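The block underneath contains the structure these notes are about, expressed in structure tokens.
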Amino acid sequence: MRSRFTAAIVVASFALAPVALLAVDGKKAMYVGGTVAGMKEKAEGPFDTMNPEHLVFRGKNSPELRVPYAAITELEYGQKAGRRVGMAIMISPLALFSKKRNHFLTVTWKDDAGKEQAAVFELGKDIVRTSVKVLETRSGKDVQYQDDDARKALGGGKGK
């Protein structure tokens with residue numbers, strides 16, 4: 001009986017390890033930083049590109065951010081890849097051999113007063129491609145890639 005319980009714990013640990021190691025939910029975004037007044041760093045929430053006029057971000061315990069697509073002046077995408085370490089070693093030694101990619105999108109725009117604003121978001125892996133493509137299309141701005149790895153990840157041909 002005890003060995004079954006131990007086996008169940010080990011199996012559950014391997015199954016849940018990838019989920020526990022994600023920094024941001026795959027279908028959400030996290031505000032990393034920028035010039036948005038009142039927005040809390042590391043606020044996670046929906047990154048809504050469905051509105052035809054505005055990008056809308058609703059970070060937990062932060063004010064709603066609405067960025068008109070027409071006001072966007074620049075889009076920049078980059079990645080940070082790192083080894084999964086720390087608690088992961090105890091949960092799954094296989095985590096040492098996998099890489100985790102963080103997807104960062106910087107949106108720069110002019111506010112109603114004509115002042116330049118910027119917000120850096122970490123996007124969940126499930127919304128990266130769609131969000132970047134929608135922002136490019138609706139804003140009319142080409143995304144600038146921080147490096148060739150970022151360009152390859154999104155299949156980009158244009159940009160910096």
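Letters A, B, ... mark the chains of the structure tokens in the order given; residue numbers begin at 1 per chain; ligand numbers begin at 1, in order shown.
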For this session: Would you mind listing what lies within 12 Å of Lys110 (chain A) as number ranges by chain, with only C-alpha atoms counted and same-chain residues fewer than 4 positions away left out?
Result: A: 35-36, 66-74, 114-119
Exercise. Asn61 (chain A): which residues within 12 Å, counting only C-alpha atoms, same-chain residues fewer than 2 positions away excluded, as number ranges by chain?
Worked result: A: 31, 38-45, 57-59, 63-64
Problem set entry | Distance criterion (only C-alpha atoms): nearest to Gln79 (chain A) out of A:Asp126, A:Glu53, A:Ala113, A:Phe121 |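 Among the listed residues, the smallest separation from Gln79 (chain A) belongs to A:Phe121.
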Exercise. Nearest to Glu122 (chain A) among A:Thr137, A:Asn102, A:Ser62, A:Thr108, with distances taken over only C-alpha atoms: which residue is it?
Worked result: A:Asn102
Problem set entry | Atomic separation - CA of Glu136 (chain A) relative to CA of Val107 (chain A), Å |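 Going from CA of Val107 (chain A) over to CA of Glu136 (chain A) covers 10.7 Å.
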Exercise. Excluding same-chain residues fewer than 4 positions from Ala153 (chain A), what lies within 10 Å of it counting only C-alpha atoms, as a list in words?
Worked result: Gly78, Gln79, His103, Val128, Arg129, Asp148 and Asp149 of chain A
Problem set entry | Within 9 Å of Phe47 (chain A) using only C-alpha atoms, minus same-chain residues under 2 positions, as a PyMOL selection string | chain A and resi 27-30+45+49+55-59+123+127+131
Writing out the chosen residues with C-alpha atoms as a CSV table (one decimal), in the first residue's frame:
chain,number,residue,atom,x,y,z
A,27,LYS,CA,-2.7,31.7,-22.2
A,28,LYS,CA,-1.9,34.9,-20.2
A,29,ALA,CA,0.6,37.6,-20.1
A,30,MET,CA,2.6,39.2,-17.3
A,45,GLY,CA,-3.7,38.6,-16.6
A,49,THR,CA,-6.2,41.5,-28.9
A,55,LEU,CA,-4.9,46.2,-27.0
A,56,VAL,CA,-6.3,45.5,-23.6
A,57,PHE,CA,-4.4,44.0,-20.6
A,58,ARG,CA,-6.1,43.3,-17.3
A,59,GLY,CA,-3.4,42.6,-14.7
A,123,LEU,CA,3.7,36.3,-23.0
A,127,ILE,CA,-0.5,33.2,-27.2
A,131,SER,CA,-0.7,38.1,-30.2
Backbone-only DSSP, strand (DSSP E) members of region 21-131 of chain A, as a CSV table (one decimal) with N, CA and C atoms, in the first residue's frame:
chain,number,residue,atom,x,y,z
A,29,ALA,N,-0.6,36.8,-20.0
A,29,ALA,CA,0.6,37.6,-20.1
A,29,ALA,C,1.0,38.2,-18.7
A,30,MET,N,2.2,38.6,-18.5
A,30,MET,CA,2.6,39.2,-17.3
A,30,MET,C,3.3,40.6,-17.6
A,31,TYR,N,2.9,41.6,-16.9
A,31,TYR,CA,3.5,42.9,-17.1
A,31,TYR,C,4.8,42.9,-16.3
A,32,VAL,N,5.9,43.0,-17.1
A,32,VAL,CA,7.2,42.9,-16.5
A,32,VAL,C,7.7,44.3,-16.0
A,33,GLY,N,7.4,45.3,-16.7
A,33,GLY,CA,7.8,46.7,-16.3
A,33,GLY,C,7.5,47.7,-17.5
A,34,GLY,N,7.7,48.9,-17.2
A,34,GLY,CA,7.4,50.0,-18.1
A,34,GLY,C,7.0,51.3,-17.5
A,43,ALA,N,2.3,41.7,-12.6
A,43,ALA,CA,0.8,41.5,-12.6
A,43,ALA,C,0.5,40.6,-13.8
A,44,GLU,N,-0.2,39.5,-13.6
A,44,GLU,CA,-0.5,38.5,-14.6
A,44,GLU,C,-2.0,38.7,-14.9
A,45,GLY,N,-2.3,38.5,-16.2
A,45,GLY,CA,-3.7,38.6,-16.6
A,45,GLY,C,-3.9,38.3,-18.1
A,47,PHE,N,-4.3,39.0,-22.0
A,47,PHE,CA,-3.7,39.9,-23.0
A,47,PHE,C,-4.7,39.8,-24.2
A,48,ASP,N,-5.6,40.8,-24.2
A,48,ASP,CA,-6.7,40.7,-25.2
A,48,ASP,C,-6.4,41.5,-26.4
A,54,HIS,N,-8.3,48.5,-29.6
A,54,HIS,CA,-7.3,48.6,-28.5
A,54,HIS,C,-6.7,47.3,-28.2
A,55,LEU,N,-5.5,47.3,-27.7
A,55,LEU,CA,-4.9,46.2,-27.0
A,55,LEU,C,-5.4,46.4,-25.6
A,56,VAL,N,-5.9,45.3,-24.9
A,56,VAL,CA,-6.3,45.5,-23.6
A,56,VAL,C,-5.6,44.4,-22.7
A,57,PHE,N,-5.0,44.9,-21.6
A,57,PHE,CA,-4.4,44.0,-20.6
A,57,PHE,C,-5.0,44.3,-19.3
A,65,LEU,N,-5.2,48.3,-18.8
A,65,LEU,CA,-4.4,49.0,-19.7
A,65,LEU,C,-5.0,48.9,-21.1
A,66,ARG,N,-5.3,50.0,-21.7
A,66,ARG,CA,-5.9,50.0,-23.1
A,66,ARG,C,-4.9,50.8,-23.9
A,67,VAL,N,-4.4,50.2,-25.0
A,67,VAL,CA,-3.4,50.8,-25.9
A,67,VAL,C,-4.1,50.9,-27.3
A,68,PRO,N,-4.4,52.0,-27.8
A,68,PRO,CA,-5.0,52.1,-29.1
A,68,PRO,C,-3.9,51.6,-30.1
A,72,ILE,N,0.4,52.9,-31.4
A,72,ILE,CA,1.6,52.1,-31.3
A,72,ILE,C,2.7,52.6,-32.2
A,73,THR,N,3.9,52.9,-31.7
A,73,THR,CA,5.0,53.3,-32.5
A,73,THR,C,6.0,52.3,-32.7
A,74,GLU,N,6.1,51.3,-31.9
A,74,GLU,CA,7.1,50.2,-32.0
A,74,GLU,C,6.7,49.0,-31.3
A,75,LEU,N,7.1,47.8,-31.9
A,75,LEU,CA,6.9,46.5,-31.3
A,75,LEU,C,8.2,45.8,-31.3
A,76,GLU,N,8.6,45.2,-30.2
A,76,GLU,CA,9.9,44.5,-30.2
A,76,GLU,C,9.7,43.1,-29.5
A,77,TYR,N,10.2,42.1,-30.1
A,77,TYR,CA,10.0,40.7,-29.5
A,77,TYR,C,11.4,40.1,-29.2
A,78,GLY,N,11.5,39.4,-28.1
A,78,GLY,CA,12.7,38.7,-27.8
A,78,GLY,C,12.5,37.5,-26.9
A,79,GLN,N,13.5,36.7,-26.8
A,79,GLN,CA,13.4,35.5,-25.9
A,79,GLN,C,14.5,35.5,-24.9
A,80,LYS,N,14.2,34.8,-23.9
A,80,LYS,CA,15.3,34.5,-22.9
A,80,LYS,C,15.2,33.0,-22.6
A,81,ALA,N,16.2,32.3,-22.9
A,81,ALA,CA,16.2,30.8,-22.7
A,81,ALA,C,17.1,30.5,-21.5
A,82,GLY,N,16.6,29.6,-20.7
A,82,GLY,CA,17.4,29.3,-19.5
A,82,GLY,C,17.1,27.8,-19.1
A,83,ARG,N,18.0,27.3,-18.4
A,83,ARG,CA,17.8,25.9,-17.9
A,83,ARG,C,16.8,25.9,-16.7
A,99,LYS,N,15.0,23.1,-21.9
A,99,LYS,CA,15.2,24.6,-21.8
A,99,LYS,C,13.8,25.2,-21.7
A,100,LYS,N,13.7,26.3,-21.0
A,100,LYS,CA,12.5,27.1,-20.9
A,100,LYS,C,12.7,28.4,-21.6
A,101,ARG,N,11.8,28.7,-22.5
A,101,ARG,CA,11.9,30.0,-23.2
A,101,ARG,C,10.8,31.0,-22.6
A,102,ASN,N,11.3,32.2,-22.3
A,102,ASN,CA,10.4,33.3,-21.9
A,102,ASN,C,10.3,34.1,-23.2
A,103,HIS,N,9.0,34.6,-23.4
A,103,HIS,CA,8.7,35.4,-24.6
A,103,HIS,C,8.4,36.8,-24.2
A,104,PHE,N,9.2,37.7,-24.6
A,104,PHE,CA,9.0,39.1,-24.1
A,104,PHE,C,8.6,40.0,-25.3
A,105,LEU,N,7.6,40.8,-25.1
A,105,LEU,CA,7.1,41.7,-26.1
A,105,LEU,C,7.1,43.1,-25.5
A,106,THR,N,7.8,44.1,-26.1
A,106,THR,CA,7.8,45.5,-25.7
A,106,THR,C,6.9,46.2,-26.7
A,107,VAL,N,5.9,46.9,-26.1
A,107,VAL,CA,5.0,47.8,-26.9
A,107,VAL,C,5.2,49.2,-26.5
A,108,THR,N,5.5,50.0,-27.5
A,108,THR,CA,5.8,51.5,-27.3
A,108,THR,C,4.7,52.2,-28.0
A,109,TRP,N,4.1,53.2,-27.3
A,109,TRP,CA,3.0,54.0,-27.9
A,109,TRP,C,3.0,55.4,-27.4
A,110,LYS,N,2.2,56.3,-28.1
A,110,LYS,CA,2.1,57.7,-27.6
A,110,LYS,C,0.7,57.7,-26.9
A,116,GLU,N,5.4,59.5,-24.9
A,116,GLU,CA,5.8,58.2,-25.2
A,116,GLU,C,5.7,57.3,-24.0
A,117,GLN,N,5.0,56.1,-24.1
A,117,GLN,CA,4.9,55.2,-23.1
A,117,GLN,C,5.4,53.8,-23.6
A,118,ALA,N,5.7,52.9,-22.6
A,118,ALA,CA,6.2,51.6,-23.0
A,118,ALA,C,5.8,50.6,-21.9
A,119,ALA,N,5.6,49.4,-22.4
A,119,ALA,CA,5.2,48.3,-21.5
A,119,ALA,C,5.9,47.0,-22.0
A,120,VAL,N,6.5,46.3,-21.1
A,120,VAL,CA,7.2,45.0,-21.4
A,120,VAL,C,6.3,43.9,-20.8
A,121,PHE,N,5.9,43.0,-21.7
A,121,PHE,CA,5.1,41.9,-21.3
A,121,PHE,C,5.9,40.6,-21.5
A,122,GLU,N,5.7,39.6,-20.6
A,122,GLU,CA,6.1,38.3,-20.8
A,122,GLU,C,4.8,37.6,-21.3
A,123,LEU,N,4.8,37.0,-22.5
A,123,LEU,CA,3.7,36.3,-23.0
A,123,LEU,C,3.7,34.8,-22.8
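Of the residues listed (A:Lys60, A:Asp147, A:Leu154, A:Asp112), A:Leu154 shows the shortest atom-to-atom separation from Lys125 (chain A); distances use only C-alpha atoms.
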For this session: Mind giving me the straight-line distance from CA of Pro52 (chain A) to CA of Gly140 (chain A) in Å, one decimal?
Result: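 Computing the Euclidean distance for CA of Pro52 (chain A) and CA of Gly140 (chain A) yields 13.0 Å.
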